[in-house]
Amino acid sequence: MHNQSTGNLFKISVFTVTALFISFAFIHSLMPADLSGNESEIVKNFLQCILNLFGSKFVLTDYIVRKTAHFTEYTIIGFLLMMCAFSLNRTKPCKYYIYVLFTGLAAAVCDETIQLYVVGRSGQLLDVLLDFSGVITGSLILLAVLTIYRKIKNK
C-alpha cells in the first residue's frame with residue numbers, strides 16, 4: 001500500500017510553524033492592555049493611510065482593527081492546522097477535520113482564558129466565536145485550494 005502521508009521534514013516543518021503561530025497568538029494575549037492598544041493604534045493608522053491613498057472615506061476604528069486581527073490570525077491558524085492534516089494524509093485530509101476543529105477551538109479558548117489574567121484585558125466569548133470562525137474559514141480555504149489544484153492537475 002502506498003503511503004499517503006508527506007515526508008517527515010514537511011510534517012515536522014508544518015507542525016512547527018503551526019505551533020509557533022499559535023504561540024504568537026498567545027504571546028499577544030499576554031500583552032497588557034496599554035501595549036496591545038498601542039500596537040492596534042499603529043496598525044489602525046497604517047491601514048487608514050492606505051485606505052486614504054485609495055480615496056476611501058471609510059474610517060477604521062480600534063474595534064474593527066482588533067476584531068479583524070482576531071479573525072485573520074485564526075484564519076491563518078485554521079489554514080495551518082489543515083496543512084497539518086494534509087501532512088498526515090495527502091489524499092484525505094478531511095479524515096482529520098474534527099481534530100483541526102477541536103485544536104482550533106481549544107487554541108481560541110486558551111487564548112481568551114490567558115487574557116483573563118492580564119492587566120486591563122478580558123476574555124470574550126465573542127472573540128472565541130470569531131476565532132473559531134476564522135479556524136473554519138482558514139481550513140475551508142485550504143480544502144478549496146487543494147480541490148482546485150487536484151482538478152487542474154487531473155485534466
# chains A, B, ... in the order shown; residues from 1 in each chain; ligands from 1
>>> residues_around(residues="Lys57 of chain A", least_positions_apart="5", cutoff="10 Å", atoms="only C-alpha atoms", output="VMD selection string")
chain A and resid 48 51 to 52
>>> closest_atom_pairs(of="segment 38-150 of chain A", to="segment 3-17 of chain A", cutoff="9 Å", atoms="only C-alpha atoms", output="JSON lines")
{"residue": "A:Leu80", "atom": "CA", "partner": "A:Val14", "partner_atom": "CA", "distance": 7.1}
{"residue": "A:Leu81", "atom": "CA", "partner": "A:Phe15", "partner_atom": "CA", "distance": 8.0}
{"residue": "A:Met83", "atom": "CA", "partner": "A:Val14", "partner_atom": "CA", "distance": 6.8}
{"residue": "A:Cys84", "atom": "CA", "partner": "A:Phe15", "partner_atom": "CA", "distance": 6.0}
{"residue": "A:Phe86", "atom": "CA", "partner": "A:Ser5", "partner_atom": "CA", "distance": 7.5}
{"residue": "A:Ser87", "atom": "CA", "partner": "A:Thr6", "partner_atom": "CA", "distance": 5.1}
{"residue": "A:Leu88", "atom": "CA", "partner": "A:Ser5", "partner_atom": "CA", "distance": 4.7}
{"residue": "A:Asn89", "atom": "CA", "partner": "A:Ser5", "partner_atom": "CA", "distance": 4.5}
{"residue": "A:Arg90", "atom": "CA", "partner": "A:Gln4", "partner_atom": "CA", "distance": 5.5}
{"residue": "A:Thr91", "atom": "CA", "partner": "A:Gln4", "partner_atom": "CA", "distance": 6.4}
{"residue": "A:Lys92", "atom": "CA", "partner": "A:Gln4", "partner_atom": "CA", "distance": 8.5}
>>> write_last_selection(atoms="C-alpha atoms", output="mmCIF file, in the first residue's frame")
data_model
loop_
_atom_site.group_PDB
_atom_site.id
_atom_site.type_symbol
_atom_site.label_atom_id
_atom_site.label_comp_id
_atom_site.auth_asym_id
_atom_site.auth_seq_id
_atom_site.Cartn_x
_atom_site.Cartn_y
_atom_site.Cartn_z
ATOM 1 C CA LEU A 80 -2.017 25.758 9.130
ATOM 2 C CA LEU A 81 -3.956 23.165 11.137
ATOM 3 C CA MET A 83 -1.905 21.732 6.457
ATOM 4 C CA CYS A 84 -1.023 19.507 9.419
ATOM 5 C CA PHE A 86 -2.746 17.256 4.859
ATOM 6 C CA SER A 87 0.745 16.261 6.015
ATOM 7 C CA LEU A 88 -0.776 13.205 7.691
ATOM 8 C CA ASN A 89 -2.916 12.180 4.705
ATOM 9 C CA ARG A 90 -2.472 13.881 1.322
ATOM 10 C CA THR A 91 -5.481 12.244 -0.296
ATOM 11 C CA LYS A 92 -7.975 12.514 2.574
#
>>> closest_residue(among="A:Ala144, A:Val59, A:Thr18, A:Glu41", to="Cys94 of chain A", atoms="only C-alpha atoms")
A:Ala144
>>> closest_atom_pairs(of="segment 53-74 of chain A", to="segment 104-114 of chain A", cutoff="12 Å", atoms="only C-alpha atoms", output="CSV")
residue,atom,partner,partner_atom,distance
A:His70,CA,A:Ala108,CA,9.6
A:Phe71,CA,A:Ala108,CA,10.6
A:Glu73,CA,A:Ala108,CA,10.4
A:Tyr74,CA,A:Gly104,CA,7.8
>>> write_last_selection(atoms="N, CA and C atoms", output="PDB file, in the first residue's frame")
ATOM      1  N   HIS A  70      -8.227  39.375  15.111  1.00  0.00           N
ATOM      2  CA  HIS A  70      -8.613  38.076  15.682  1.00  0.00           C
ATOM      3  C   HIS A  70      -8.976  37.092  14.570  1.00  0.00           C
ATOM      4  N   PHE A  71      -9.862  37.529  13.695  1.00  0.00           N
ATOM      5  CA  PHE A  71     -10.338  36.651  12.627  1.00  0.00           C
ATOM      6  C   PHE A  71      -9.192  36.231  11.707  1.00  0.00           C
ATOM      7  N   GLU A  73      -5.891  36.217  12.282  1.00  0.00           N
ATOM      8  CA  GLU A  73      -4.934  35.374  12.995  1.00  0.00           C
ATOM      9  C   GLU A  73      -5.407  33.919  13.038  1.00  0.00           C
ATOM     10  N   TYR A  74      -6.680  33.730  13.340  1.00  0.00           N
ATOM     11  CA  TYR A  74      -7.199  32.370  13.446  1.00  0.00           C
ATOM     12  C   TYR A  74      -7.558  31.760  12.097  1.00  0.00           C
TER      13      TYR A  74
END
>>> atom_distance(atom1="atom CA of Pro32 of chain A", atom2="atom CA of Lys44 of chain A")
18.2 Å
>>> closest_residue(among="A:Gly78, A:Val135, A:Ile141, A:Val43", to="Ile64 of chain A", atoms="only C-alpha atoms")
A:Val43
>>> closest_residue(among="A:Gln115, A:Ser40, A:Thr147, A:Thr137", to="Lys67 of chain A", atoms="only C-alpha atoms")
A:Ser40
>>> select_by_dssp(residues="chain A", states="alpha helix (DSSP H)", output="tab-separated table (two decimals) with N, CA and C atoms, in the first residue's frame")
chain	number	residue	atom	x	y	z
A	8	ASN	N	8.70	13.28	6.29
A	8	ASN	CA	8.87	13.70	7.68
A	8	ASN	C	9.31	15.15	7.81
A	9	LEU	N	10.17	15.63	6.93
A	9	LEU	CA	10.63	17.02	7.00
A	9	LEU	C	9.45	17.98	6.83
A	10	PHE	N	8.58	17.69	5.87
A	10	PHE	CA	7.40	18.53	5.66
A	10	PHE	C	6.51	18.50	6.89
A	11	LYS	N	6.27	17.31	7.43
A	11	LYS	CA	5.43	17.16	8.63
A	11	LYS	C	5.98	17.98	9.79
A	12	ILE	N	7.27	17.78	10.05
A	12	ILE	CA	7.90	18.50	11.16
A	12	ILE	C	7.82	20.01	10.94
A	13	SER	N	8.06	20.42	9.73
A	13	SER	CA	8.03	21.85	9.40
A	13	SER	C	6.65	22.45	9.61
A	14	VAL	N	5.63	21.81	9.09
A	14	VAL	CA	4.28	22.38	9.17
A	14	VAL	C	3.75	22.34	10.61
A	15	PHE	N	4.05	21.29	11.34
A	15	PHE	CA	3.62	21.24	12.74
A	15	PHE	C	4.37	22.30	13.57
A	16	THR	N	5.65	22.52	13.26
A	16	THR	CA	6.43	23.52	13.98
A	16	THR	C	5.92	24.93	13.69
A	17	VAL	N	5.68	25.24	12.43
A	17	VAL	CA	5.16	26.56	12.06
A	17	VAL	C	3.80	26.80	12.71
A	18	THR	N	2.97	25.77	12.74
A	18	THR	CA	1.64	25.89	13.36
A	18	THR	C	1.78	26.17	14.86
A	19	ALA	N	2.64	25.42	15.53
A	19	ALA	CA	2.85	25.63	16.97
A	19	ALA	C	3.40	27.04	17.23
A	20	LEU	N	4.32	27.48	16.39
A	20	LEU	CA	4.89	28.82	16.57
A	20	LEU	C	3.83	29.90	16.35
A	21	PHE	N	2.96	29.71	15.38
A	21	PHE	CA	1.93	30.71	15.11
A	21	PHE	C	0.91	30.77	16.25
A	22	ILE	N	0.55	29.62	16.80
A	22	ILE	CA	-0.35	29.60	17.95
A	22	ILE	C	0.34	30.26	19.15
A	23	SER	N	1.62	30.01	19.32
A	23	SER	CA	2.38	30.67	20.38
A	23	SER	C	2.40	32.18	20.19
A	24	PHE	N	2.52	32.62	18.94
A	24	PHE	CA	2.47	34.05	18.61
A	24	PHE	C	1.15	34.65	19.09
A	25	ALA	N	0.05	33.95	18.85
A	25	ALA	CA	-1.26	34.42	19.29
A	25	ALA	C	-1.31	34.53	20.81
A	26	PHE	N	-0.79	33.52	21.48
A	26	PHE	CA	-0.79	33.51	22.95
A	26	PHE	C	0.09	34.63	23.51
A	27	ILE	N	1.22	34.88	22.88
A	27	ILE	CA	2.11	35.95	23.33
A	27	ILE	C	1.40	37.30	23.23
A	28	HIS	N	0.66	37.50	22.15
A	28	HIS	CA	-0.11	38.74	22.03
A	28	HIS	C	-1.18	38.85	23.11
A	29	SER	N	-1.74	37.74	23.51
A	29	SER	CA	-2.74	37.76	24.57
A	29	SER	C	-2.13	38.08	25.93
A	33	ALA	N	-2.99	45.63	28.39
A	33	ALA	CA	-3.92	46.40	27.54
A	33	ALA	C	-3.26	47.62	26.91
A	34	ASP	N	-2.41	48.34	27.64
A	34	ASP	CA	-1.81	49.55	27.08
A	34	ASP	C	-0.87	49.22	25.92
A	35	LEU	N	-0.07	48.17	26.05
A	35	LEU	CA	0.81	47.77	24.95
A	35	LEU	C	0.02	47.26	23.75
A	36	SER	N	-0.98	46.45	24.03
A	36	SER	CA	-1.82	45.92	22.96
A	36	SER	C	-2.56	47.06	22.24
A	37	GLY	N	-3.04	48.01	23.02
A	37	GLY	CA	-3.73	49.17	22.45
A	37	GLY	C	-2.82	50.00	21.57
A	38	ASN	N	-1.57	50.20	22.02
A	38	ASN	CA	-0.60	50.94	21.20
A	38	ASN	C	-0.31	50.22	19.89
A	39	GLU	N	-0.16	48.91	19.96
A	39	GLU	CA	0.09	48.12	18.75
A	39	GLU	C	-1.09	48.24	17.79
A	40	SER	N	-2.30	48.14	18.31
A	40	SER	CA	-3.51	48.26	17.47
A	40	SER	C	-3.60	49.65	16.85
A	41	GLU	N	-3.23	50.67	17.60
A	41	GLU	CA	-3.27	52.04	17.10
A	41	GLU	C	-2.31	52.23	15.92
A	42	ILE	N	-1.13	51.66	16.03
A	42	ILE	CA	-0.14	51.74	14.95
A	42	ILE	C	-0.68	51.06	13.69
A	43	VAL	N	-1.25	49.86	13.86
A	43	VAL	CA	-1.81	49.13	12.72
A	43	VAL	C	-2.98	49.91	12.12
A	44	LYS	N	-3.85	50.44	12.99
A	44	LYS	CA	-5.01	51.21	12.52
A	44	LYS	C	-4.56	52.41	11.69
A	45	ASN	N	-3.59	53.16	12.19
A	45	ASN	CA	-3.10	54.35	11.47
A	45	ASN	C	-2.48	53.98	10.13
A	46	PHE	N	-1.73	52.89	10.10
A	46	PHE	CA	-1.11	52.42	8.86
A	46	PHE	C	-2.19	52.05	7.83
A	47	LEU	N	-3.17	51.25	8.28
A	47	LEU	CA	-4.23	50.83	7.37
A	47	LEU	C	-5.09	52.02	6.92
A	48	GLN	N	-5.32	52.98	7.82
A	48	GLN	CA	-6.09	54.16	7.46
A	48	GLN	C	-5.37	54.97	6.38
A	49	CYS	N	-4.05	55.06	6.50
A	49	CYS	CA	-3.26	55.76	5.46
A	49	CYS	C	-3.42	55.09	4.10
A	50	ILE	N	-3.39	53.77	4.10
A	50	ILE	CA	-3.56	53.04	2.83
A	50	ILE	C	-4.95	53.29	2.26
A	51	LEU	N	-5.98	53.22	3.10
A	51	LEU	CA	-7.34	53.50	2.63
A	51	LEU	C	-7.45	54.92	2.08
A	52	ASN	N	-6.85	55.87	2.77
A	52	ASN	CA	-6.89	57.27	2.33
A	52	ASN	C	-6.18	57.45	0.99
A	53	LEU	N	-5.07	56.71	0.77
A	53	LEU	CA	-4.34	56.79	-0.50
A	53	LEU	C	-5.23	56.39	-1.68
A	62	ASP	N	-10.74	51.24	16.35
A	62	ASP	CA	-9.96	50.27	17.10
A	62	ASP	C	-10.69	48.92	17.14
A	63	TYR	N	-12.00	48.97	17.31
A	63	TYR	CA	-12.81	47.75	17.37
A	63	TYR	C	-12.69	46.94	16.08
A	64	ILE	N	-12.82	47.62	14.94
A	64	ILE	CA	-12.73	46.94	13.65
A	64	ILE	C	-11.35	46.30	13.48
A	65	VAL	N	-10.30	47.03	13.82
A	65	VAL	CA	-8.93	46.52	13.67
A	65	VAL	C	-8.71	45.30	14.56
A	66	ARG	N	-9.15	45.38	15.81
A	66	ARG	CA	-8.94	44.27	16.74
A	66	ARG	C	-9.71	43.02	16.33
A	67	LYS	N	-10.96	43.19	15.95
A	67	LYS	CA	-11.77	42.02	15.56
A	67	LYS	C	-11.27	41.42	14.26
A	68	THR	N	-10.85	42.26	13.33
A	68	THR	CA	-10.28	41.76	12.08
A	68	THR	C	-8.98	41.01	12.35
A	69	ALA	N	-8.19	41.51	13.29
A	69	ALA	CA	-6.94	40.84	13.64
A	69	ALA	C	-7.23	39.46	14.23
A	70	HIS	N	-8.23	39.38	15.11
A	70	HIS	CA	-8.61	38.08	15.68
A	70	HIS	C	-8.98	37.09	14.57
A	71	PHE	N	-9.86	37.53	13.69
A	71	PHE	CA	-10.34	36.65	12.63
A	71	PHE	C	-9.19	36.23	11.71
A	72	THR	N	-8.36	37.18	11.32
A	72	THR	CA	-7.25	36.90	10.40
A	72	THR	C	-6.24	35.95	11.03
A	73	GLU	N	-5.89	36.22	12.28
A	73	GLU	CA	-4.93	35.37	13.00
A	73	GLU	C	-5.41	33.92	13.04
A	74	TYR	N	-6.68	33.73	13.34
A	74	TYR	CA	-7.20	32.37	13.45
A	74	TYR	C	-7.56	31.76	12.10
A	75	THR	N	-7.73	32.57	11.07
A	75	THR	CA	-7.87	32.03	9.72
A	75	THR	C	-6.55	31.39	9.31
A	76	ILE	N	-5.46	32.07	9.63
A	76	ILE	CA	-4.13	31.51	9.34
A	76	ILE	C	-3.91	30.23	10.15
A	77	ILE	N	-4.31	30.25	11.41
A	77	ILE	CA	-4.16	29.05	12.25
A	77	ILE	C	-4.99	27.90	11.67
A	78	GLY	N	-6.21	28.18	11.23
A	78	GLY	CA	-7.04	27.14	10.62
A	78	GLY	C	-6.40	26.57	9.36
A	79	PHE	N	-5.84	27.44	8.54
A	79	PHE	CA	-5.13	27.03	7.33
A	79	PHE	C	-3.95	26.11	7.71
A	80	LEU	N	-3.17	26.54	8.70
A	80	LEU	CA	-2.02	25.76	9.13
A	80	LEU	C	-2.42	24.42	9.75
A	81	LEU	N	-3.48	24.42	10.56
A	81	LEU	CA	-3.96	23.17	11.14
A	81	LEU	C	-4.40	22.20	10.04
A	82	MET	N	-5.03	22.73	9.00
A	82	MET	CA	-5.45	21.87	7.89
A	82	MET	C	-4.23	21.37	7.13
A	83	MET	N	-3.16	22.19	7.07
A	83	MET	CA	-1.91	21.73	6.46
A	83	MET	C	-1.33	20.57	7.26
A	84	CYS	N	-1.47	20.62	8.58
A	84	CYS	CA	-1.02	19.51	9.42
A	84	CYS	C	-1.80	18.24	9.05
A	85	ALA	N	-3.12	18.38	8.87
A	85	ALA	CA	-3.94	17.23	8.48
A	85	ALA	C	-3.50	16.71	7.11
A	86	PHE	N	-3.23	17.64	6.19
A	86	PHE	CA	-2.75	17.26	4.86
A	86	PHE	C	-1.42	16.50	4.96
A	87	SER	N	-0.56	16.93	5.88
A	87	SER	CA	0.74	16.26	6.02
A	87	SER	C	0.58	14.82	6.51
A	88	LEU	N	-0.51	14.56	7.20
A	88	LEU	CA	-0.78	13.21	7.69
A	88	LEU	C	-1.44	12.32	6.64
A	97	TYR	N	-10.38	16.27	10.09
A	97	TYR	CA	-11.02	17.59	10.22
A	97	TYR	C	-11.54	17.84	11.63
A	98	ILE	N	-12.07	16.83	12.29
A	98	ILE	CA	-12.57	17.02	13.66
A	98	ILE	C	-11.43	17.44	14.58
A	99	TYR	N	-10.22	16.91	14.34
A	99	TYR	CA	-9.06	17.30	15.15
A	99	TYR	C	-8.64	18.73	14.86
A	100	VAL	N	-8.74	19.12	13.60
A	100	VAL	CA	-8.45	20.50	13.20
A	100	VAL	C	-9.39	21.44	13.95
A	101	LEU	N	-10.69	21.13	13.90
A	101	LEU	CA	-11.67	21.98	14.57
A	101	LEU	C	-11.47	22.01	16.07
A	102	PHE	N	-11.25	20.86	16.67
A	102	PHE	CA	-11.07	20.80	18.12
A	102	PHE	C	-9.82	21.57	18.55
A	103	THR	N	-8.72	21.39	17.83
A	103	THR	CA	-7.48	22.10	18.17
A	103	THR	C	-7.66	23.60	18.01
A	104	GLY	N	-8.32	24.01	16.94
A	104	GLY	CA	-8.57	25.44	16.72
A	104	GLY	C	-9.45	26.04	17.81
A	105	LEU	N	-10.49	25.31	18.20
A	105	LEU	CA	-11.36	25.80	19.28
A	105	LEU	C	-10.61	25.83	20.60
A	106	ALA	N	-9.82	24.81	20.88
A	106	ALA	CA	-9.04	24.77	22.12
A	106	ALA	C	-8.06	25.95	22.16
A	107	ALA	N	-7.43	26.24	21.05
A	107	ALA	CA	-6.49	27.37	20.99
A	107	ALA	C	-7.23	28.69	21.26
A	108	ALA	N	-8.41	28.85	20.68
A	108	ALA	CA	-9.19	30.07	20.88
A	108	ALA	C	-9.61	30.22	22.34
A	109	VAL	N	-10.05	29.14	22.95
A	109	VAL	CA	-10.46	29.18	24.36
A	109	VAL	C	-9.25	29.49	25.25
A	110	CYS	N	-8.12	28.85	24.99
A	110	CYS	CA	-6.90	29.13	25.77
A	110	CYS	C	-6.47	30.58	25.59
A	111	ASP	N	-6.53	31.08	24.37
A	111	ASP	CA	-6.14	32.45	24.06
A	111	ASP	C	-6.97	33.44	24.88
A	112	GLU	N	-8.26	33.25	24.90
A	112	GLU	CA	-9.13	34.16	25.65
A	112	GLU	C	-9.00	33.96	27.16
A	113	THR	N	-8.72	32.74	27.58
A	113	THR	CA	-8.52	32.48	29.01
A	113	THR	C	-7.26	33.18	29.51
A	114	ILE	N	-6.22	33.18	28.71
A	114	ILE	CA	-4.98	33.89	29.07
A	114	ILE	C	-5.30	35.35	29.39
A	115	GLN	N	-6.16	35.96	28.57
A	115	GLN	CA	-6.46	37.37	28.73
A	115	GLN	C	-7.20	37.68	30.04
A	125	LEU	N	-16.26	35.84	25.04
A	125	LEU	CA	-16.89	34.73	24.31
A	125	LEU	C	-17.03	35.07	22.83
A	126	LEU	N	-17.35	36.33	22.52
A	126	LEU	CA	-17.46	36.76	21.13
A	126	LEU	C	-16.15	36.52	20.39
A	127	ASP	N	-15.02	36.77	21.06
A	127	ASP	CA	-13.72	36.55	20.41
A	127	ASP	C	-13.45	35.07	20.20
A	128	VAL	N	-13.89	34.22	21.11
A	128	VAL	CA	-13.74	32.77	20.90
A	128	VAL	C	-14.52	32.36	19.65
A	129	LEU	N	-15.74	32.86	19.52
A	129	LEU	CA	-16.56	32.54	18.34
A	129	LEU	C	-15.93	33.10	17.07
A	130	LEU	N	-15.42	34.31	17.15
A	130	LEU	CA	-14.76	34.93	16.00
A	130	LEU	C	-13.51	34.15	15.61
A	131	ASP	N	-12.71	33.78	16.62
A	131	ASP	CA	-11.50	32.99	16.36
A	131	ASP	C	-11.86	31.65	15.73
A	132	PHE	N	-12.86	30.99	16.28
A	132	PHE	CA	-13.26	29.68	15.76
A	132	PHE	C	-13.80	29.79	14.34
A	133	SER	N	-14.52	30.86	14.05
A	133	SER	CA	-15.00	31.04	12.67
A	133	SER	C	-13.81	31.27	11.74
A	134	GLY	N	-12.75	31.90	12.24
A	134	GLY	CA	-11.52	32.04	11.45
A	134	GLY	C	-10.88	30.69	11.18
A	135	VAL	N	-10.85	29.81	12.20
A	135	VAL	CA	-10.30	28.46	12.02
A	135	VAL	C	-11.08	27.72	10.92
A	136	ILE	N	-12.40	27.80	10.99
A	136	ILE	CA	-13.24	27.14	9.98
A	136	ILE	C	-12.94	27.72	8.60
A	137	THR	N	-12.87	29.04	8.50
A	137	THR	CA	-12.61	29.69	7.21
A	137	THR	C	-11.25	29.29	6.65
A	138	GLY	N	-10.22	29.35	7.48
A	138	GLY	CA	-8.87	29.00	7.02
A	138	GLY	C	-8.76	27.57	6.56
A	139	SER	N	-9.39	26.67	7.31
A	139	SER	CA	-9.32	25.25	6.93
A	139	SER	C	-10.09	25.00	5.63
A	140	LEU	N	-11.22	25.68	5.47
A	140	LEU	CA	-12.00	25.51	4.23
A	140	LEU	C	-11.28	26.12	3.02
A	141	ILE	N	-10.56	27.21	3.25
A	141	ILE	CA	-9.77	27.81	2.16
A	141	ILE	C	-8.73	26.80	1.66
A	142	LEU	N	-8.02	26.17	2.60
A	142	LEU	CA	-7.02	25.18	2.16
A	142	LEU	C	-7.68	24.02	1.45
A	143	LEU	N	-8.80	23.54	1.95
A	143	LEU	CA	-9.50	22.43	1.27
A	143	LEU	C	-9.94	22.84	-0.14
A	144	ALA	N	-10.40	24.08	-0.29
A	144	ALA	CA	-10.80	24.57	-1.61
A	144	ALA	C	-9.59	24.64	-2.55
A	145	VAL	N	-8.48	25.14	-2.04
A	145	VAL	CA	-7.25	25.23	-2.85
A	145	VAL	C	-6.80	23.84	-3.28
A	146	LEU	N	-6.82	22.89	-2.36
A	146	LEU	CA	-6.43	21.51	-2.69
A	146	LEU	C	-7.36	20.91	-3.73
A	147	THR	N	-8.65	21.15	-3.59
A	147	THR	CA	-9.64	20.63	-4.55
A	147	THR	C	-9.40	21.21	-5.94
A	148	ILE	N	-9.21	22.51	-6.01
A	148	ILE	CA	-8.97	23.17	-7.31
A	148	ILE	C	-7.67	22.66	-7.92
A	149	TYR	N	-6.63	22.55	-7.11
A	149	TYR	CA	-5.34	22.04	-7.58
A	149	TYR	C	-5.48	20.65	-8.16
A	150	ARG	N	-6.18	19.79	-7.46
A	150	ARG	CA	-6.35	18.41	-7.94
A	150	ARG	C	-7.14	18.35	-9.24
A	151	LYS	N	-8.16	19.20	-9.37
A	151	LYS	CA	-8.95	19.22	-10.61
A	151	LYS	C	-8.11	19.68	-11.79
A	152	ILE	N	-7.30	20.69	-11.56
A	152	ILE	CA	-6.42	21.20	-12.62
A	152	ILE	C	-5.37	20.16	-12.96
A	153	LYS	N	-4.79	19.53	-11.95
A	153	LYS	CA	-3.74	18.53	-12.16
A	153	LYS	C	-4.27	17.29	-12.91
>>> atom_distance(atom1="atom CA of Gly123 of chain A", atom2="atom CA of Thr61 of chain A")
20.0 Å
>>> atom_distance(atom1="atom CA of Lys155 of chain A", atom2="atom CA of Tyr96 of chain A")
27.2 Å
